[in-house]
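One structure below.
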Amino acid sequence: MIERGHYDGFGGAYLPEILVATFEELVETFQKAKTDPVFWQEYVDLMSTYSCRPTPLTFAGNLTRHFGGARIYIKREDLNHTGAHKANNVMGQGLLVKRMGKTRVIAETGAGQHGVATATMAAKFGFACTIYMGEVDVERQRPNVFWMERLGAEVIPVTEGSRTLKDAINEAFRDWVANMDTTHYVLGTACGPHPFPEMVSYFQSIIGTEARAQILRREEKLPVRVYACVGGGSNALGIFSGFMDDPVALVGVEAGGKGLDTGQHASRLCSKDASIGVAQGYKTYFLQDADGQMKETHSVAAGLDYVGVSPILAHLKETGRVRFEAATDREVVDALSLTIRMEGVIPALESAHAFVQAFKEAPSLSTDDSIIINQSGRGDKDIFTIADAFNDPKWQAFIIKKAGQYHA
Ligand SMILES: *Cc1c(COP(=O)(O)O)cnc(C)c1O
């Protein structure tokens with residue numbers, strides 16, 4: 001019998017009958033791989049030769065002195081190939097696709113990062129690749145669409161509904177139903193029906209395993225707190241998993257957008273705008289109205305802008321093992337500026353949410369203690385958004401000049 005991936009009522013696999021056999025095949029392949037010691041070694045070898053594993057743990061000496069409290073460390077997932085922790089998940093799923101003997105992958109993408117990561121994996125493994133992306137997002141994220149197409153993926157703009165991420169997910173499921181014999185759906189985060197939350201967290205656990213060994217080597221004791229931003233929840237679960245059984249506080253930071261009382265945010269675990277429901281094949285907290293219609297979300301960080309959240313994190317909220325906070329767009333831009341200026345690293349806007357909360361708490365912690373912030377990705381992808389937020393006149397002049405080249 002297949003275990004259904006329930007986390008005290010959250011999670012599950014609410015599937016159309018037609019997909020049940022495909023999910024059973026996936027669950028079986030994943031369970032077999034998990035108990036095969038060769039598989040994890042194959043995964044680690046791939047990630048250390050094609051991506052940048054182990055990623056470093058960087059001591060942020062200048063930020064530590066600036067805040068005058070706990071010693072601040074940054075786990076550098078930004079140094080992965082394609083610039084974020086997303087590579088851990090897609091490359092792992094790619095190895096499972098090979099084991100299942102499938103030849104085509106599909107994926108949903110919002111900001112385009114998961115689409116680029118999946119198209120990269122497909123190019124490396126020689127899979128055909130189709131990426132579903134809301135029409136609105138295709139317009140907003142042209143650089144990522146450009147790269148997906150160069151990598152050989154077909155990008156299909158989705159014109160249904162609000163023409164954003166959730167509509168792309170629905171379209172990807174439709175494709176899967178029609179092509180499941182040849183095709184695997186590479187879901188991008190620790191959400192969706194079982195086994196995706198468990199499977200994505202399993203591949204991302206490489207972050208926490210490395211971080212725990214690295215901090216023990218450096219500090220000879222555990223950190224007191226670990227911080228990660230929370231979109232779907234995969235980078236957070238990845239780093240938290242290394243410290244789950246330790247006396248270490250785990251802090252997940254959601255997108256507070258323009259403020260939790262404005263309705264313009266993407267906080268499912270800290271705001272009163274979310275409630276428990278079943279959608280897209282699983283049960284969790286969704287930003288939905290009383291009729292179960294999904295609400296519009298907002299965040300300066302496109303990767304955190306999601307209506308659902310990992311059922312594993314929903315469960316860890318209920319048990320109190322993980323504490324959840326929210327950071328506003330304004331706070332995120334300030335924390336990002338400070339980090340770039342003081343440490344010479346450029347976190348993604350998503351990752352900067354974790355920095356905000358760590359900076360609020362570090363000064364009140366002892367100088368003998370350490371904390372870790374997970375830098376889930378690199379910020380150079382955010383140049384358009386960040387330049388807007390900083391109102392940089394030289395950047396604006398450059399964009400206008402560049403656009404002028406195409407008028408003649
Ligand atoms: C996609 C993304 C996230 C959000 O996804 P999770 O599944 O919550 O980790 C966070 N940071 C970066 C850099 C991303 O690209």
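Convention: chains lettered A, B, ... in structure tokens order; per-chain residue numbering from 1; ligands numbered from 1 as shown.
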task: List every residue of segment 18-81 of chain A that DSSP, applied to the backbone of this structure, assigns to alpha helix (DSSP H), and report them as a ChimeraX atom specification.
output: /A:20-34,37-50,61-67
Closest atom pairs, residues of chain A within 7 Å of ligand 1, only C-alpha atoms and all ligand atoms, as JSON lines:
```
{"residue": "A:Ala84", "atom": "CA", "partner": "ligand 1", "partner_atom_place_in_ligand_line": "13 (C)", "distance": 5.2}
{"residue": "A:His85", "atom": "CA", "partner": "ligand 1", "partner_atom_place_in_ligand_line": "13 (C)", "distance": 6.9}
{"residue": "A:Lys86", "atom": "CA", "partner": "ligand 1", "partner_atom_place_in_ligand_line": "15 (O)", "distance": 6.4}
{"residue": "A:Gln113", "atom": "CA", "partner": "ligand 1", "partner_atom_place_in_ligand_line": "15 (O)", "distance": 5.7}
{"residue": "A:His114", "atom": "CA", "partner": "ligand 1", "partner_atom_place_in_ligand_line": "1 (C)", "distance": 6.6}
{"residue": "A:Gly188", "atom": "CA", "partner": "ligand 1", "partner_atom_place_in_ligand_line": "7 (O)", "distance": 6.9}
{"residue": "A:Thr189", "atom": "CA", "partner": "ligand 1", "partner_atom_place_in_ligand_line": "7 (O)", "distance": 4.3}
{"residue": "A:Ala190", "atom": "CA", "partner": "ligand 1", "partner_atom_place_in_ligand_line": "7 (O)", "distance": 6.1}
{"residue": "A:Cys229", "atom": "CA", "partner": "ligand 1", "partner_atom_place_in_ligand_line": "10 (C)", "distance": 6.3}
{"residue": "A:Val230", "atom": "CA", "partner": "ligand 1", "partner_atom_place_in_ligand_line": "8 (O)", "distance": 4.2}
{"residue": "A:Gly231", "atom": "CA", "partner": "ligand 1", "partner_atom_place_in_ligand_line": "8 (O)", "distance": 3.2}
{"residue": "A:Gly232", "atom": "CA", "partner": "ligand 1", "partner_atom_place_in_ligand_line": "8 (O)", "distance": 3.9}
{"residue": "A:Gly233", "atom": "CA", "partner": "ligand 1", "partner_atom_place_in_ligand_line": "8 (O)", "distance": 3.5}
{"residue": "A:Ser234", "atom": "CA", "partner": "ligand 1", "partner_atom_place_in_ligand_line": "7 (O)", "distance": 3.6}
{"residue": "A:Asn235", "atom": "CA", "partner": "ligand 1", "partner_atom_place_in_ligand_line": "9 (O)", "distance": 3.7}
{"residue": "A:Ala236", "atom": "CA", "partner": "ligand 1", "partner_atom_place_in_ligand_line": "9 (O)", "distance": 6.0}
{"residue": "A:Gly303", "atom": "CA", "partner": "ligand 1", "partner_atom_place_in_ligand_line": "1 (C)", "distance": 4.3}
{"residue": "A:Leu304", "atom": "CA", "partner": "ligand 1", "partner_atom_place_in_ligand_line": "4 (C)", "distance": 5.2}
{"residue": "A:Ala348", "atom": "CA", "partner": "ligand 1", "partner_atom_place_in_ligand_line": "13 (C)", "distance": 5.2}
{"residue": "A:Glu350", "atom": "CA", "partner": "ligand 1", "partner_atom_place_in_ligand_line": "11 (N)", "distance": 4.6}
{"residue": "A:Ser351", "atom": "CA", "partner": "ligand 1", "partner_atom_place_in_ligand_line": "11 (N)", "distance": 5.3}
{"residue": "A:Ser376", "atom": "CA", "partner": "ligand 1", "partner_atom_place_in_ligand_line": "13 (C)", "distance": 4.6}
{"residue": "A:Gly377", "atom": "CA", "partner": "ligand 1", "partner_atom_place_in_ligand_line": "13 (C)", "distance": 3.5}
{"residue": "A:Arg378", "atom": "CA", "partner": "ligand 1", "partner_atom_place_in_ligand_line": "13 (C)", "distance": 6.3}
```
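Counting from atom CA of Gly69 of chain A, the distance to atom CA of Ser370 of chain A is 8.8 Å.
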task: Could you check which of A:Val278, A:Ile346, A:Gly379, A:Trp395 is closest to Phe10 of chain A, using only C-alpha atoms?
output: A:Val278
- request: Check segment 118-265 of chain A with DSSP on the backbone and list each residue it calls strand (DSSP E), as a ChimeraX atom specification.
  value: /A:128-134,154-158,183-185,225-229,249-257
Selection file, N, CA and C atoms, as a PDB file, in the first residue's frame:
```pdb
ATOM      1  N   ALA A 128      12.848  16.114 -23.875  1.00  0.00           N
ATOM      2  CA  ALA A 128      12.005  17.165 -24.445  1.00  0.00           C
ATOM      3  C   ALA A 128      11.412  17.951 -23.271  1.00  0.00           C
ATOM      4  N   CYS A 129      11.104  19.235 -23.476  1.00  0.00           N
ATOM      5  CA  CYS A 129      10.697  20.070 -22.341  1.00  0.00           C
ATOM      6  C   CYS A 129       9.644  21.103 -22.752  1.00  0.00           C
ATOM      7  N   THR A 130       8.555  21.143 -22.006  1.00  0.00           N
ATOM      8  CA  THR A 130       7.530  22.159 -22.211  1.00  0.00           C
ATOM      9  C   THR A 130       7.292  22.888 -20.891  1.00  0.00           C
ATOM     10  N   ILE A 131       7.301  24.222 -20.949  1.00  0.00           N
ATOM     11  CA  ILE A 131       7.109  25.028 -19.746  1.00  0.00           C
ATOM     12  C   ILE A 131       5.806  25.823 -19.875  1.00  0.00           C
ATOM     13  N   TYR A 132       4.935  25.698 -18.882  1.00  0.00           N
ATOM     14  CA  TYR A 132       3.692  26.479 -18.847  1.00  0.00           C
ATOM     15  C   TYR A 132       3.894  27.712 -17.987  1.00  0.00           C
ATOM     16  N   MET A 133       3.498  28.841 -18.554  1.00  0.00           N
ATOM     17  CA  MET A 133       3.735  30.119 -17.879  1.00  0.00           C
ATOM     18  C   MET A 133       2.562  31.034 -18.186  1.00  0.00           C
ATOM     19  N   GLY A 134       1.993  31.661 -17.161  1.00  0.00           N
ATOM     20  CA  GLY A 134       0.890  32.595 -17.380  1.00  0.00           C
ATOM     21  C   GLY A 134       1.301  33.681 -18.370  1.00  0.00           C
ATOM     22  N   GLU A 154       9.954  24.500 -25.039  1.00  0.00           N
ATOM     23  CA  GLU A 154       8.816  25.194 -25.626  1.00  0.00           C
ATOM     24  C   GLU A 154       8.108  25.906 -24.467  1.00  0.00           C
ATOM     25  N   VAL A 155       7.934  27.212 -24.579  1.00  0.00           N
ATOM     26  CA  VAL A 155       7.258  27.969 -23.523  1.00  0.00           C
ATOM     27  C   VAL A 155       5.838  28.263 -23.983  1.00  0.00           C
ATOM     28  N   ILE A 156       4.858  27.755 -23.242  1.00  0.00           N
ATOM     29  CA  ILE A 156       3.461  27.961 -23.638  1.00  0.00           C
ATOM     30  C   ILE A 156       2.799  28.994 -22.720  1.00  0.00           C
ATOM     31  N   PRO A 157       2.422  30.143 -23.272  1.00  0.00           N
ATOM     32  CA  PRO A 157       1.753  31.163 -22.458  1.00  0.00           C
ATOM     33  C   PRO A 157       0.316  30.716 -22.147  1.00  0.00           C
ATOM     34  N   VAL A 158      -0.071  30.768 -20.897  1.00  0.00           N
ATOM     35  CA  VAL A 158      -1.397  30.315 -20.474  1.00  0.00           C
ATOM     36  C   VAL A 158      -2.338  31.516 -20.406  1.00  0.00           C
ATOM     37  N   THR A 183       5.767  11.382 -20.023  1.00  0.00           N
ATOM     38  CA  THR A 183       6.065  12.688 -19.441  1.00  0.00           C
ATOM     39  C   THR A 183       6.067  12.675 -17.918  1.00  0.00           C
ATOM     40  N   HIS A 184       7.028  13.410 -17.337  1.00  0.00           N
ATOM     41  CA  HIS A 184       7.027  13.649 -15.892  1.00  0.00           C
ATOM     42  C   HIS A 184       6.822  15.142 -15.648  1.00  0.00           C
ATOM     43  N   TYR A 185       6.000  15.449 -14.654  1.00  0.00           N
ATOM     44  CA  TYR A 185       5.761  16.838 -14.266  1.00  0.00           C
ATOM     45  C   TYR A 185       6.727  17.199 -13.136  1.00  0.00           C
ATOM     46  N   ARG A 225      19.679  29.862  15.974  1.00  0.00           N
ATOM     47  CA  ARG A 225      18.525  30.049  15.092  1.00  0.00           C
ATOM     48  C   ARG A 225      18.932  29.892  13.628  1.00  0.00           C
ATOM     49  N   VAL A 226      17.983  29.409  12.825  1.00  0.00           N
ATOM     50  CA  VAL A 226      18.188  29.287  11.379  1.00  0.00           C
ATOM     51  C   VAL A 226      17.011  29.980  10.677  1.00  0.00           C
ATOM     52  N   TYR A 227      17.317  30.829   9.710  1.00  0.00           N
ATOM     53  CA  TYR A 227      16.299  31.635   9.025  1.00  0.00           C
ATOM     54  C   TYR A 227      16.219  31.265   7.545  1.00  0.00           C
ATOM     55  N   ALA A 228      14.998  31.184   7.020  1.00  0.00           N
ATOM     56  CA  ALA A 228      14.818  30.957   5.579  1.00  0.00           C
ATOM     57  C   ALA A 228      13.533  31.633   5.119  1.00  0.00           C
ATOM     58  N   CYS A 229      13.527  32.100   3.868  1.00  0.00           N
ATOM     59  CA  CYS A 229      12.303  32.663   3.313  1.00  0.00           C
ATOM     60  C   CYS A 229      11.373  31.515   2.905  1.00  0.00           C
ATOM     61  N   ALA A 249      16.222  26.999  17.044  1.00  0.00           N
ATOM     62  CA  ALA A 249      14.965  27.635  16.628  1.00  0.00           C
ATOM     63  C   ALA A 249      14.965  27.790  15.108  1.00  0.00           C
ATOM     64  N   LEU A 250      13.860  27.434  14.478  1.00  0.00           N
ATOM     65  CA  LEU A 250      13.734  27.509  13.020  1.00  0.00           C
ATOM     66  C   LEU A 250      12.709  28.595  12.692  1.00  0.00           C
ATOM     67  N   VAL A 251      13.114  29.545  11.836  1.00  0.00           N
ATOM     68  CA  VAL A 251      12.264  30.707  11.565  1.00  0.00           C
ATOM     69  C   VAL A 251      12.016  30.830  10.057  1.00  0.00           C
ATOM     70  N   GLY A 252      10.754  30.735   9.646  1.00  0.00           N
ATOM     71  CA  GLY A 252      10.376  30.891   8.242  1.00  0.00           C
ATOM     72  C   GLY A 252       9.807  32.283   8.027  1.00  0.00           C
ATOM     73  N   VAL A 253      10.233  32.946   6.956  1.00  0.00           N
ATOM     74  CA  VAL A 253       9.797  34.328   6.722  1.00  0.00           C
ATOM     75  C   VAL A 253       9.025  34.435   5.408  1.00  0.00           C
ATOM     76  N   GLU A 254       7.780  34.870   5.516  1.00  0.00           N
ATOM     77  CA  GLU A 254       6.903  34.986   4.347  1.00  0.00           C
ATOM     78  C   GLU A 254       6.942  36.411   3.791  1.00  0.00           C
ATOM     79  N   ALA A 255       6.303  36.561   2.619  1.00  0.00           N
ATOM     80  CA  ALA A 255       6.227  37.867   1.982  1.00  0.00           C
ATOM     81  C   ALA A 255       5.112  38.700   2.607  1.00  0.00           C
ATOM     82  N   GLY A 256       5.504  39.734   3.350  1.00  0.00           N
ATOM     83  CA  GLY A 256       4.530  40.641   3.955  1.00  0.00           C
ATOM     84  C   GLY A 256       4.056  41.713   2.982  1.00  0.00           C
ATOM     85  N   GLY A 257       4.653  41.762   1.789  1.00  0.00           N
ATOM     86  CA  GLY A 257       4.223  42.702   0.752  1.00  0.00           C
ATOM     87  C   GLY A 257       4.120  44.125   1.254  1.00  0.00           C
TER      88      GLY A 257
END
```
query: Using only C-alpha atoms, which residue out of A:Phe398, A:Phe127, A:Tyr73, A:Tyr406 lies closest to Pro56 of chain A?
result: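 Smallest separation from Pro56 of chain A among the options: A:Tyr73.
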Who sits within 9 Å of segment 104-111 of chain A, only C-alpha atoms, same chain under 4 positions skipped, as a ChimeraX atom specification: /A:94,97,115-116,118-119,122,126-134,137-138,140-141,144,164-172,175-176,182-188,301-303,305-306
Keeping only C-alpha atoms, write the selected residues as an mmCIF file, in the first residue's frame.
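Wrote again_12.cif, looks like this:
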```cif
data_model
loop_
_atom_site.group_PDB
_atom_site.id
_atom_site.type_symbol
_atom_site.label_atom_id
_atom_site.label_comp_id
_atom_site.auth_asym_id
_atom_site.auth_seq_id
_atom_site.Cartn_x
_atom_site.Cartn_y
_atom_site.Cartn_z
ATOM 1 C CA GLY A 94 15.793 14.458 -13.499
ATOM 2 C CA VAL A 97 12.865 10.578 -14.734
ATOM 3 C CA GLY A 115 11.302 27.082 -15.787
ATOM 4 C CA VAL A 116 14.939 27.978 -16.490
ATOM 5 C CA THR A 118 13.943 22.659 -15.536
ATOM 6 C CA ALA A 119 14.918 23.593 -19.117
ATOM 7 C CA ALA A 122 16.234 18.812 -19.735
ATOM 8 C CA GLY A 126 18.335 15.146 -23.351
ATOM 9 C CA PHE A 127 14.643 15.330 -22.428
ATOM 10 C CA ALA A 128 12.005 17.165 -24.445
ATOM 11 C CA CYS A 129 10.697 20.070 -22.341
ATOM 12 C CA THR A 130 7.530 22.159 -22.211
ATOM 13 C CA ILE A 131 7.109 25.028 -19.746
ATOM 14 C CA TYR A 132 3.692 26.479 -18.847
ATOM 15 C CA MET A 133 3.735 30.119 -17.879
ATOM 16 C CA GLY A 134 0.890 32.595 -17.380
ATOM 17 C CA ASP A 137 4.295 36.376 -16.444
ATOM 18 C CA VAL A 138 5.608 35.761 -19.989
ATOM 19 C CA ARG A 140 6.896 40.406 -17.189
ATOM 20 C CA GLN A 141 9.794 37.907 -17.319
ATOM 21 C CA ASN A 144 13.844 34.064 -18.423
ATOM 22 C CA THR A 164 -0.352 33.721 -13.711
ATOM 23 C CA LEU A 165 1.215 30.852 -11.762
ATOM 24 C CA LYS A 166 -1.883 29.015 -10.530
ATOM 25 C CA ASP A 167 -3.288 28.888 -14.076
ATOM 26 C CA ALA A 168 0.054 27.559 -15.333
ATOM 27 C CA ILE A 169 -0.153 24.762 -12.724
ATOM 28 C CA ASN A 170 -3.639 23.767 -13.921
ATOM 29 C CA GLU A 171 -2.442 23.698 -17.542
ATOM 30 C CA ALA A 172 0.590 21.562 -16.640
ATOM 31 C CA ASP A 175 -0.805 18.162 -20.221
ATOM 32 C CA TRP A 176 0.273 15.455 -17.756
ATOM 33 C CA THR A 182 6.167 9.646 -21.675
ATOM 34 C CA THR A 183 6.065 12.688 -19.441
ATOM 35 C CA HIS A 184 7.027 13.649 -15.892
ATOM 36 C CA TYR A 185 5.761 16.838 -14.266
ATOM 37 C CA VAL A 186 8.677 18.511 -12.440
ATOM 38 C CA LEU A 187 6.844 20.387 -9.696
ATOM 39 C CA GLY A 188 8.904 23.326 -8.454
ATOM 40 C CA ALA A 301 9.803 38.966 -4.776
ATOM 41 C CA ALA A 302 8.051 37.051 -7.546
ATOM 42 C CA GLY A 303 9.247 33.692 -6.170
ATOM 43 C CA ASP A 305 4.112 35.159 -4.576
ATOM 44 C CA TYR A 306 2.148 31.927 -4.167
#
```
Please build the interface table for segment 107-149 of chain A against segment 44-49 of chain A with a cut-off of 12 Å, listing for each qualifying residue the nearest atom pair and the distance in Å to one decimal; count only C-alpha atoms, order rows by chain and increasing number, and write it as a tab-separated table.
```
residue	atom	partner	partner_atom	distance
A:Met121	CA	A:Leu46	CA	11.2
A:Lys124	CA	A:Leu46	CA	11.1
A:Phe125	CA	A:Leu46	CA	11.6
```
query: Nearest to Lys272 of chain A among A:Glu135, A:Leu287, A:Ile340, A:Gly259, with distances taken over only C-alpha atoms: which residue is it?
result: A:Leu287
Set the distance at 12 Å and use only C-alpha atoms: which residues neighbour Glu17 of chain A once local chain neighbours fewer than 6 positions away are removed? I'd like the list as a PDB file with C-alpha atoms, in the first residue's frame.
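Below you can see selection.pdb, which holds the result:
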```
ATOM      1  CA  PHE A  23       1.516   8.834  -9.074  1.00  0.00           C
ATOM      2  CA  GLU A  24       1.901   5.267  -7.849  1.00  0.00           C
ATOM      3  CA  VAL A 177      -3.092  13.705 -17.934  1.00  0.00           C
ATOM      4  CA  GLY A 281      -4.356  18.115  -5.238  1.00  0.00           C
TER       5      GLY A 281
END
```
